[in-house]
$ cat data-v4.tsv   # TSV, C-alpha atoms and all ligand atoms
chain	number	residue	atom	x	y	z
A	128	MET	CA	39.53	32.79	-29.76
A	129	THR	CA	40.58	29.62	-28.00
A	130	ARG	CA	37.90	27.08	-28.71
A	131	HIS	CA	37.98	23.48	-29.77
A	132	PRO	CA	38.16	23.35	-33.54
A	133	ILE	CA	34.94	22.42	-35.35
A	134	PRO	CA	35.66	20.25	-38.40
A	135	PHE	CA	33.78	20.84	-41.65
A	136	LEU	CA	32.99	17.11	-41.67
A	137	ASP	CA	33.86	14.92	-38.70
A	138	LEU	CA	34.54	11.72	-40.63
A	139	ALA	CA	36.84	10.34	-37.93
A	140	GLY	CA	34.14	10.84	-35.30
A	141	VAL	CA	31.47	9.14	-37.41
A	142	THR	CA	33.75	6.17	-38.09
A	143	GLU	CA	34.73	5.90	-34.42
A	144	SER	CA	31.08	5.94	-33.33
A	145	LEU	CA	30.43	2.85	-35.51
A	146	ARG	CA	33.77	1.20	-34.85
A	147	ASP	CA	32.52	-2.16	-33.52
A	148	GLU	CA	30.05	-2.73	-36.36
A	149	LEU	CA	32.61	-1.73	-38.99
A	150	ASP	CA	35.24	-4.01	-37.50
A	151	LEU	CA	32.77	-6.89	-37.57
A	152	ALA	CA	31.95	-6.14	-41.22
A	153	TRP	CA	35.47	-6.07	-42.61
A	154	LYS	CA	36.70	-8.92	-40.46
A	155	SER	CA	34.02	-11.26	-41.80
A	156	VAL	CA	35.10	-10.46	-45.39
A	157	VAL	CA	38.76	-10.97	-44.54
A	158	ALA	CA	37.79	-14.29	-42.97
A	159	HIS	CA	36.02	-15.68	-46.06
A	160	GLY	CA	38.30	-14.02	-48.61
A	161	GLY	CA	35.76	-13.39	-51.37
A	162	PHE	CA	37.02	-9.90	-51.98
A	163	ILE	CA	35.42	-9.56	-55.43
A	164	GLY	CA	31.79	-10.54	-55.84
A	165	GLY	CA	31.41	-11.93	-52.33
A	166	PRO	CA	27.95	-12.47	-50.83
A	167	GLU	CA	27.98	-9.05	-49.11
A	168	VAL	CA	27.75	-7.33	-52.53
A	169	GLY	CA	24.40	-8.90	-53.44
A	170	GLU	CA	23.15	-8.39	-49.88
A	171	PHE	CA	23.94	-4.69	-49.95
A	172	GLU	CA	22.45	-4.28	-53.45
A	173	GLU	CA	19.20	-5.79	-52.22
A	174	GLN	CA	19.13	-3.64	-49.08
A	175	PHE	CA	19.89	-0.43	-50.95
A	176	ALA	CA	17.31	-1.07	-53.69
A	177	ASP	CA	14.82	-1.68	-50.90
A	178	TYR	CA	15.84	1.54	-49.16
A	179	CYS	CA	15.41	3.56	-52.36
A	180	GLY	CA	12.17	1.87	-53.33
A	181	THR	CA	13.51	0.46	-56.60
A	182	ARG	CA	13.59	-3.07	-58.02
A	183	HIS	CA	17.28	-3.23	-58.87
A	184	CYS	CA	20.62	-2.01	-57.59
A	185	VAL	CA	24.00	-2.58	-59.23
A	186	GLY	CA	27.03	-1.84	-57.06
A	187	VAL	CA	29.83	-0.10	-58.99
A	188	ALA	CA	33.24	1.37	-58.24
A	189	ASN	CA	32.20	5.00	-57.62
A	190	GLY	CA	29.52	7.59	-58.33
A	191	THR	CA	31.12	8.95	-61.49
A	192	ASP	CA	31.15	5.47	-63.01
A	193	ALA	CA	27.52	5.02	-61.93
A	194	LEU	CA	26.53	8.10	-63.94
A	195	GLU	CA	28.59	7.08	-66.97
A	196	LEU	CA	27.32	3.49	-66.90
A	197	ILE	CA	23.69	4.67	-66.80
A	198	LEU	CA	24.28	6.82	-69.89
A	199	ALA	CA	26.17	4.01	-71.65
A	200	GLY	CA	23.42	1.55	-70.70
A	201	LEU	CA	20.87	3.90	-72.25
A	202	GLY	CA	22.94	4.02	-75.45
A	203	VAL	CA	23.90	7.70	-75.11
A	204	GLY	CA	26.89	8.55	-77.31
A	205	PRO	CA	28.45	10.89	-79.89
A	206	GLY	CA	25.97	13.28	-81.49
A	207	ASP	CA	23.69	13.26	-78.43
A	208	GLU	CA	23.14	16.09	-75.97
A	209	VAL	CA	22.46	15.76	-72.25
A	210	VAL	CA	21.15	18.67	-70.18
A	211	VAL	CA	23.30	19.32	-67.08
A	212	PRO	CA	22.96	22.04	-64.42
A	213	ALA	CA	25.99	24.37	-64.26
A	214	ASN	CA	26.14	24.20	-60.47
A	215	THR	CA	27.08	20.60	-59.71
A	216	PHE	CA	30.18	18.55	-58.99
A	217	VAL	CA	32.17	18.22	-62.21
A	218	ALA	CA	31.52	14.44	-62.35
A	219	THR	CA	27.97	14.98	-63.64
A	220	ALA	CA	29.38	16.62	-66.76
A	221	GLU	CA	32.42	14.33	-67.00
A	222	ALA	CA	30.13	11.31	-67.26
A	223	VAL	CA	28.39	12.88	-70.26
A	224	CYS	CA	31.71	13.70	-71.96
A	225	ALA	CA	33.00	10.17	-71.33
A	226	THR	CA	30.21	8.75	-73.52
A	227	GLY	CA	31.12	11.13	-76.34
A	228	ALA	CA	27.88	13.10	-75.88
A	229	ARG	CA	27.77	16.85	-75.31
A	230	PRO	CA	26.77	18.38	-71.97
A	231	ARG	CA	24.31	21.24	-72.45
A	232	PHE	CA	24.72	23.48	-69.38
A	233	VAL	CA	21.70	25.24	-67.90
A	234	ASP	CA	21.20	27.63	-65.00
A	235	VAL	CA	19.87	26.92	-61.52
A	236	LEU	CA	17.10	28.53	-59.43
A	237	PRO	CA	18.24	31.48	-57.27
A	238	ASP	CA	16.54	30.32	-54.06
A	239	THR	CA	17.39	26.59	-54.01
A	240	LEU	CA	20.33	26.48	-56.47
A	241	GLU	CA	18.73	23.31	-57.89
A	242	VAL	CA	18.41	22.95	-61.68
A	243	ASP	CA	15.84	25.37	-63.19
A	244	PRO	CA	13.10	23.35	-64.98
A	245	ASP	CA	12.33	26.30	-67.31
A	246	ALA	CA	15.99	26.45	-68.32
A	247	VAL	CA	15.91	22.71	-68.97
A	248	ALA	CA	12.82	23.12	-71.17
A	249	ALA	CA	14.53	25.91	-73.12
A	250	ALA	CA	17.66	23.81	-73.70
A	251	ILE	CA	15.86	20.83	-75.23
A	252	GLY	CA	16.64	20.46	-78.91
A	253	PRO	CA	16.60	17.78	-81.63
A	254	ARG	CA	19.77	16.11	-80.26
A	255	THR	CA	18.72	16.06	-76.59
A	256	VAL	CA	18.36	12.53	-75.25
A	257	ALA	CA	18.58	12.90	-71.48
A	258	VAL	CA	18.32	15.31	-68.54
A	259	MET	CA	20.51	15.11	-65.45
A	260	ALA	CA	18.38	15.77	-62.37
A	261	VAL	CA	21.12	16.58	-59.86
A	262	HIS	CA	19.88	16.50	-56.26
A	263	LEU	CA	22.33	19.05	-54.92
A	264	PHE	CA	23.26	19.57	-51.25
A	265	GLY	CA	20.76	16.92	-50.08
A	266	GLN	CA	17.62	18.40	-51.64
A	267	MET	CA	16.04	16.72	-54.65
A	268	ALA	CA	15.67	18.74	-57.83
A	269	ASP	CA	12.09	19.66	-58.74
A	270	VAL	CA	11.21	16.27	-60.20
A	271	GLY	CA	7.55	17.25	-59.98
A	272	ARG	CA	8.26	19.39	-63.06
A	273	LEU	CA	11.28	17.60	-64.53
A	274	ALA	CA	9.70	14.14	-64.80
A	275	PRO	CA	6.66	15.22	-66.87
A	276	LEU	CA	8.89	17.49	-68.97
A	277	ALA	CA	11.25	14.62	-69.80
A	278	ALA	CA	8.33	12.30	-70.50
A	279	ARG	CA	6.68	14.84	-72.83
A	280	HIS	CA	9.88	15.05	-74.91
A	281	GLY	CA	10.73	11.35	-74.75
A	282	LEU	CA	13.92	12.03	-72.78
A	283	ALA	CA	15.57	9.89	-70.12
A	284	LEU	CA	15.51	11.54	-66.69
A	285	VAL	CA	18.72	10.45	-64.95
A	286	GLU	CA	19.08	11.23	-61.25
A	287	ASP	CA	22.46	12.23	-59.86
A	288	ALA	CA	21.65	11.30	-56.27
A	289	ALA	CA	25.25	11.36	-55.03
A	290	GLN	CA	24.34	13.97	-52.37
A	291	ALA	CA	20.83	12.80	-51.57
A	292	HIS	CA	20.74	9.33	-49.95
A	293	GLY	CA	17.30	9.12	-48.35
A	294	ALA	CA	15.94	12.47	-49.61
A	295	ARG	CA	12.34	12.67	-50.79
A	296	PHE	CA	10.26	14.80	-53.12
A	297	GLY	CA	6.48	14.54	-52.86
A	298	GLY	CA	7.04	11.44	-50.74
A	299	ARG	CA	9.18	9.67	-53.35
A	300	ARG	CA	12.70	8.63	-52.46
A	301	ALA	CA	15.72	9.93	-54.38
A	302	GLY	CA	16.59	7.26	-56.93
A	303	SER	CA	13.03	6.10	-57.54
A	304	VAL	CA	11.87	8.83	-59.92
A	305	GLY	CA	14.07	8.74	-63.03
A	306	VAL	CA	14.86	5.88	-65.41
A	307	ALA	CA	17.88	5.27	-63.19
A	308	ALA	CA	19.85	7.01	-60.47
A	309	ALA	CA	23.54	7.21	-59.63
A	310	PHE	CA	24.73	7.14	-56.02
A	311	SER	CA	28.21	7.80	-54.71
A	312	PHE	CA	29.45	6.30	-51.47
A	313	TYR	CA	32.56	8.48	-51.36
A	314	PRO	CA	33.46	8.64	-47.64
A	315	GLY	CA	32.06	12.14	-47.12
A	316	LYS	CA	28.61	11.45	-48.58
A	317	ASN	CA	25.58	10.87	-46.32
A	318	LEU	CA	26.16	7.14	-46.83
A	319	GLY	CA	29.91	6.77	-47.21
A	320	ALA	CA	32.19	3.75	-47.61
A	321	LEU	CA	35.74	3.46	-46.27
A	322	GLY	CA	37.03	4.31	-49.73
A	323	ASP	CA	35.49	4.72	-53.18
A	324	ALA	CA	32.17	3.03	-54.00
A	325	GLY	CA	28.96	3.72	-55.91
A	326	ALA	CA	25.71	2.23	-57.16
A	327	VAL	CA	23.03	2.48	-59.82
A	328	VAL	CA	19.39	1.93	-58.88
A	329	THR	CA	16.60	1.42	-61.40
A	330	ASP	CA	13.25	-0.29	-61.91
A	331	ASP	CA	14.23	-1.39	-65.44
A	332	PRO	CA	15.50	-5.00	-65.41
A	333	ASP	CA	17.10	-4.73	-68.89
A	334	LEU	CA	18.95	-1.53	-68.08
A	335	SER	CA	20.10	-3.04	-64.80
A	336	ALA	CA	21.41	-6.15	-66.60
A	337	ARG	CA	23.20	-4.06	-69.27
A	338	ILE	CA	24.89	-1.91	-66.63
A	339	ARG	CA	25.96	-4.98	-64.62
A	340	GLN	CA	27.42	-6.45	-67.80
A	341	LEU	CA	29.27	-3.25	-68.78
A	342	ALA	CA	30.66	-2.91	-65.24
A	343	ASN	CA	32.01	-6.46	-65.25
A	344	HIS	CA	34.04	-6.67	-68.48
A	345	GLY	CA	31.00	-7.37	-70.65
A	346	ARG	CA	30.48	-10.76	-69.03
A	347	GLY	CA	27.04	-12.32	-68.82
A	348	GLY	CA	25.52	-15.35	-70.45
A	349	GLY	CA	28.38	-17.73	-71.17
A	350	GLY	CA	30.62	-17.68	-68.13
A	351	HIS	CA	33.75	-16.05	-66.85
A	352	HIS	CA	35.72	-16.12	-70.12
A	353	LEU	CA	33.04	-14.97	-72.53
A	354	HIS	CA	32.73	-11.23	-73.04
A	355	GLN	CA	29.53	-10.27	-74.85
A	356	VAL	CA	30.20	-6.54	-75.17
A	357	PRO	CA	33.27	-4.35	-74.66
A	358	GLY	CA	32.90	-3.52	-70.99
A	359	ARG	CA	35.20	-2.41	-68.21
A	360	ASN	CA	35.95	-3.03	-64.56
A	361	SER	CA	33.73	-0.96	-62.29
A	362	ARG	CA	32.65	-3.37	-59.56
A	363	LEU	CA	31.71	-2.60	-55.96
A	364	ASP	CA	34.19	-4.57	-53.88
A	365	THR	CA	33.07	-6.86	-51.10
A	366	LEU	CA	34.75	-5.02	-48.23
A	367	GLN	CA	33.00	-1.79	-49.13
A	368	ALA	CA	29.66	-3.57	-49.56
A	369	ALA	CA	29.95	-5.04	-46.05
A	370	VAL	CA	30.81	-1.62	-44.63
A	371	LEU	CA	27.90	-0.01	-46.48
A	372	SER	CA	25.38	-2.53	-45.14
A	373	ALA	CA	26.55	-1.76	-41.61
A	374	LYS	CA	26.33	2.00	-42.18
A	375	LEU	CA	22.98	1.88	-44.01
A	376	LEU	CA	21.35	0.92	-40.67
A	377	HIS	CA	22.36	4.36	-39.34
A	378	LEU	CA	21.56	6.49	-42.40
A	379	ASP	CA	18.07	7.64	-41.38
A	380	ARG	CA	19.24	8.51	-37.86
A	381	HIS	CA	22.20	10.45	-39.26
A	382	ASN	CA	19.91	12.26	-41.71
A	383	ARG	CA	17.50	13.22	-38.90
A	384	HIS	CA	20.42	14.60	-36.92
A	385	ARG	CA	21.56	16.66	-39.94
A	386	SER	CA	18.02	18.00	-40.25
A	387	ALA	CA	17.95	19.07	-36.58
A	388	LEU	CA	21.31	20.83	-37.00
A	389	MET	CA	19.99	22.63	-40.08
A	390	ASP	CA	16.93	23.83	-38.12
A	391	ARG	CA	19.24	25.24	-35.49
A	392	TYR	CA	21.33	27.00	-38.14
A	393	LEU	CA	18.14	28.51	-39.57
A	394	HIS	CA	17.19	29.96	-36.18
A	395	HIS	CA	20.60	31.35	-35.29
A	396	LEU	CA	22.14	32.53	-38.56
A	397	PRO	CA	22.68	36.30	-38.87
A	398	LEU	CA	19.89	37.90	-40.90
A	399	ASP	CA	22.09	38.80	-43.85
A	400	HIS	CA	23.18	35.15	-44.26
A	401	ARG	CA	20.72	33.58	-46.66
A	402	PRO	CA	20.20	29.83	-46.31
A	403	LEU	CA	18.93	27.96	-49.35
A	404	ALA	CA	15.17	27.59	-49.73
A	405	GLN	CA	13.44	24.23	-49.58
A	406	HIS	CA	10.80	23.35	-52.14
A	407	ARG	CA	7.57	22.70	-50.21
A	408	LEU	CA	7.48	19.09	-51.49
A	409	ALA	CA	11.16	18.39	-50.80
A	410	GLU	CA	12.57	16.66	-47.73
A	411	SER	CA	16.28	17.39	-47.80
A	412	VAL	CA	18.90	15.18	-46.14
A	413	HIS	CA	21.20	18.21	-45.72
A	414	HIS	CA	24.35	16.79	-47.21
A	415	LEU	CA	25.78	20.30	-46.99
A	416	ALA	CA	24.72	23.34	-44.94
A	417	VAL	CA	24.97	26.01	-47.63
A	418	VAL	CA	24.37	29.71	-47.01
A	419	GLN	CA	24.87	32.75	-49.22
A	420	VAL	CA	26.97	35.33	-47.39
A	421	PRO	CA	27.50	39.02	-48.17
A	422	ASP	CA	31.31	39.07	-47.77
A	423	ARG	CA	32.76	35.59	-48.17
A	424	GLU	CA	36.39	36.69	-47.78
A	425	ALA	CA	35.73	38.27	-44.38
A	426	THR	CA	33.60	35.34	-43.28
A	427	THR	CA	36.11	32.64	-44.15
A	428	ARG	CA	38.88	34.64	-42.45
A	429	ALA	CA	36.81	34.74	-39.26
A	430	LEU	CA	35.99	31.03	-39.47
A	431	ASP	CA	39.68	30.19	-40.01
A	432	ALA	CA	40.65	32.29	-37.00
A	433	ALA	CA	38.09	30.45	-34.86
A	434	GLY	CA	39.20	27.00	-36.04
A	435	ILE	CA	35.94	26.31	-37.85
A	436	GLY	CA	36.01	24.29	-41.08
A	437	TRP	CA	34.17	25.41	-44.21
A	438	GLY	CA	33.93	24.62	-47.92
A	439	ILE	CA	32.66	26.08	-51.19
A	440	HIS	CA	30.46	23.90	-53.41
A	441	TYR	CA	31.36	24.92	-55.97
A	442	PRO	CA	33.61	27.94	-56.55
A	443	VAL	CA	33.75	27.45	-60.34
A	444	PRO	CA	30.57	26.41	-62.17
A	445	CYS	CA	30.98	23.60	-64.70
A	446	HIS	CA	30.57	25.79	-67.79
A	447	LEU	CA	33.53	27.93	-66.64
A	448	GLN	CA	35.85	24.98	-65.92
A	449	PRO	CA	38.80	24.90	-68.34
A	450	ALA	CA	38.04	21.25	-69.13
A	451	LEU	CA	34.44	22.02	-70.12
A	452	ALA	CA	34.54	25.60	-71.41
A	453	GLY	CA	34.29	24.28	-74.98
A	454	PHE	CA	30.72	23.21	-74.24
A	455	ALA	CA	29.60	26.54	-72.75
A	456	ASP	CA	27.18	28.50	-74.85
A	457	GLY	CA	26.64	31.70	-72.92
A	458	PRO	CA	26.66	33.09	-69.40
A	459	LEU	CA	24.58	31.43	-66.66
A	460	PRO	CA	24.11	34.36	-64.28
A	461	VAL	CA	22.46	32.64	-61.32
A	462	ALA	CA	25.10	29.92	-61.04
A	463	GLU	CA	27.88	32.48	-61.55
A	464	HIS	CA	26.51	34.83	-58.87
A	465	ALA	CA	26.00	31.95	-56.43
A	466	ALA	CA	29.56	30.72	-56.97
A	467	ARG	CA	30.81	34.02	-55.50
A	468	HIS	CA	28.57	33.99	-52.40
A	469	ILE	CA	27.93	30.40	-51.33
A	470	LEU	CA	29.61	28.98	-48.28
A	471	SER	CA	29.21	25.48	-46.85
A	472	LEU	CA	29.20	25.45	-43.03
A	473	PRO	CA	30.13	22.48	-40.79
A	474	MET	CA	27.66	19.59	-40.96
A	475	SER	CA	28.25	16.10	-39.53
A	476	PRO	CA	26.17	13.38	-37.91
A	477	THR	CA	28.33	13.87	-34.80
A	478	MET	CA	28.07	17.67	-34.64
A	479	THR	CA	26.35	19.15	-31.57
A	480	ALA	CA	23.80	21.96	-31.23
A	481	ASP	CA	26.38	23.89	-29.19
A	482	GLN	CA	28.79	23.71	-32.10
A	483	VAL	CA	26.13	25.14	-34.42
A	484	ASP	CA	25.66	28.00	-31.94
A	485	THR	CA	29.40	28.61	-31.88
A	486	VAL	CA	29.55	28.78	-35.69
A	487	CYS	CA	26.60	31.19	-35.76
A	488	ALA	CA	28.16	33.38	-33.06
A	489	VAL	CA	31.35	33.68	-35.12
A	490	LEU	CA	29.30	34.52	-38.23
A	491	GLY	CA	27.42	37.18	-36.22
A	492	GLN	CA	30.65	38.88	-35.27
A	493	VAL	CA	31.79	39.17	-38.89
A	494	THR	CA	28.81	41.21	-39.96
A	495	ARG	CA	28.91	43.61	-37.03
A	501	LIG	C1	30.33	12.95	-55.27
A	501	LIG	C2	29.55	13.28	-56.48
A	501	LIG	C3	29.68	12.57	-57.68
A	501	LIG	C4	30.78	11.58	-57.94
A	501	LIG	O1	30.91	10.55	-57.07
A	501	LIG	P1	32.32	9.80	-56.91
A	501	LIG	O2	31.95	8.60	-56.10
A	501	LIG	O3	33.22	10.73	-56.19
A	501	LIG	O4	32.80	9.44	-58.25
A	501	LIG	C5	28.82	12.87	-58.73
A	501	LIG	N1	27.89	13.84	-58.61
A	501	LIG	C6	27.76	14.57	-57.48
A	501	LIG	C7	26.70	15.62	-57.43
A	501	LIG	C8	28.58	14.33	-56.39
A	501	LIG	O5	28.46	15.08	-55.28
$ encode --input "data-v4.tsv" --output "structure tokens" --more "lines below"
Ligand SMILES: *Cc1c(COP(=O)(O)O)cnc(C)c1O
Amino acid sequence: MTRHPIPFLDLAGVTESLRDELDLAWKSVVAHGGFIGGPEVGEFEEQFADYCGTRHCVGVANGTDALELILAGLGVGPGDEVVVPANTFVATAEAVCATGARPRFVDVLPDTLEVDPDAVAAAIGPRTVAVMAVHLFGQMADVGRLAPLAARHGLALVEDAAQAHGARFGGRRAGSVGVAAAFSFYPGKNLGALGDAGAVVTDDPDLSARIRQLANHGRGGGGHHLHQVPGRNSRLDTLQAAVLSAKLLHLDRHNRHRSALMDRYLHHLPLDHRPLAQHRLAESVHHLAVVQVPDREATTRALDAAGIGWGIHYPVPCHLQPALAGFADGPLPVAEHAARHILSLPMSPTMTADQVDTVCAVLGQVTR
């Protein structure tokens, strides 16, 4: 087949489409030179808190740090357990390990692949202190059940919203439901920087202040050379903040475009390709277009031959990762089955409906 290649994610195209605004953003930072803690950082924090519907936002270095800093700010540490879905990016579990706590892996729901609230309930024990509500692939986890469950047991509900900028559940924005939420602005996320970046959002002013202090060498109250607690360096730098403010203006439009592409996929996918279900209260922002396919080997071969990009998120569930296997306490059949059948199809704010049709046509030929 001689077609134009279709990238899995057209990052270059997205960047090019916003070129003038991005150039303006970084040039203004280069002009004033306040590369760390410049005014653009506070401006972006205010805009993003506003966008999420929370009182506070703390810009940090990346999404993994955001997760770890939330847990550290909550006082999670050795001897504690945190419930984590098995099907997530490894960072969700890494953040728990970094505090010295133990990740307690649970299974996901077969139709949405979001964390299973019943499995969470079953995993709660005397050492459990928090639950990671991972909003995977752009759809929020069932916070309608997770929030009351966490409240009933006195647990912190922490949102991993790294794939869900702008998503809603029952009308509430991702980031505004738990005690705090972690966002990643890794370039490929729905809101992506031109490098690594992340943020924590929360309504809790004390937690916000503790996280800001931890992320800036324990400074706070006493000036630049007084360190109140052992902290670290995990700041959002000014250049990225300026870029993020420029891109935030386009996030809702990009998310609507993703949604339209997903609708088209749903209408044109071959019948034996199962897209993920949407909870009736969830409004996904379609970070990834995930389908479950009967024969993934054959499908990926056909996509490769047609020059169509694809991904697998994720081929190895967390509890089977060599780094984390010590925390596994039994098989998690839904996550393990999904890991063998899921396939992420191209999805970009610059992708066209024709490109979706091309992808679906290639998929249709595989199954025939
Ligand atoms: C991307 C991602 C992270 C980590 O974010 P980084 O900015 O890459 O550190 C955490 N959790 C999930 C679900 C992610 O997709």
$ closest_residue --input "data-v4.tsv" --among "A:Gly164, A:Pro275, A:Gly227, A:Gly319" --to "ligand LIG 501 (chain A)" --atoms "all atoms listed in the file"
A:Gly319
$ residues_around --input "data-v4.tsv" --residues "Leu396 (chain A)" --least-positions-apart "2" --cutoff "6 Å" --atoms "all atoms listed in the file" --output "PyMOL selection string"
chain A and resi 392-393+487
$ residues_near_ligand --input "data-v4.tsv" --ligand "ligand LIG 501 (chain A)" --cutoff "9 Å" --atoms "all atoms listed in the file" --output "ChimeraX atom specification"
/A:188-194,215-220,222,261-264,287-291,309-316,323-326
$ closest_residue --input "data-v4.tsv" --among "A:Val420, A:Cys224, A:Ala250, A:Leu366" --to "Leu151 (chain A)" --atoms "all atoms listed in the file"
A:Leu366
$ axis_aligned_box --input "data-v4.tsv" --around "region 268-281 of chain A" --padding-each-side "8 Å" --output "lines of an AutoDock Vina configuration file"
center_x = 11.2
center_y = 15.5
center_z = -66.4
size_x = 25.0
size_y = 24.3
size_z = 33.1
$ residues_around --input "data-v4.tsv" --residues "Leu236 (chain A)" --least-positions-apart "5" --cutoff "9 Å" --atoms "all atoms listed in the file" --output "list in words"
Glu241, Val242, Asp243, Pro244, Val461 and Ala462 of chain A
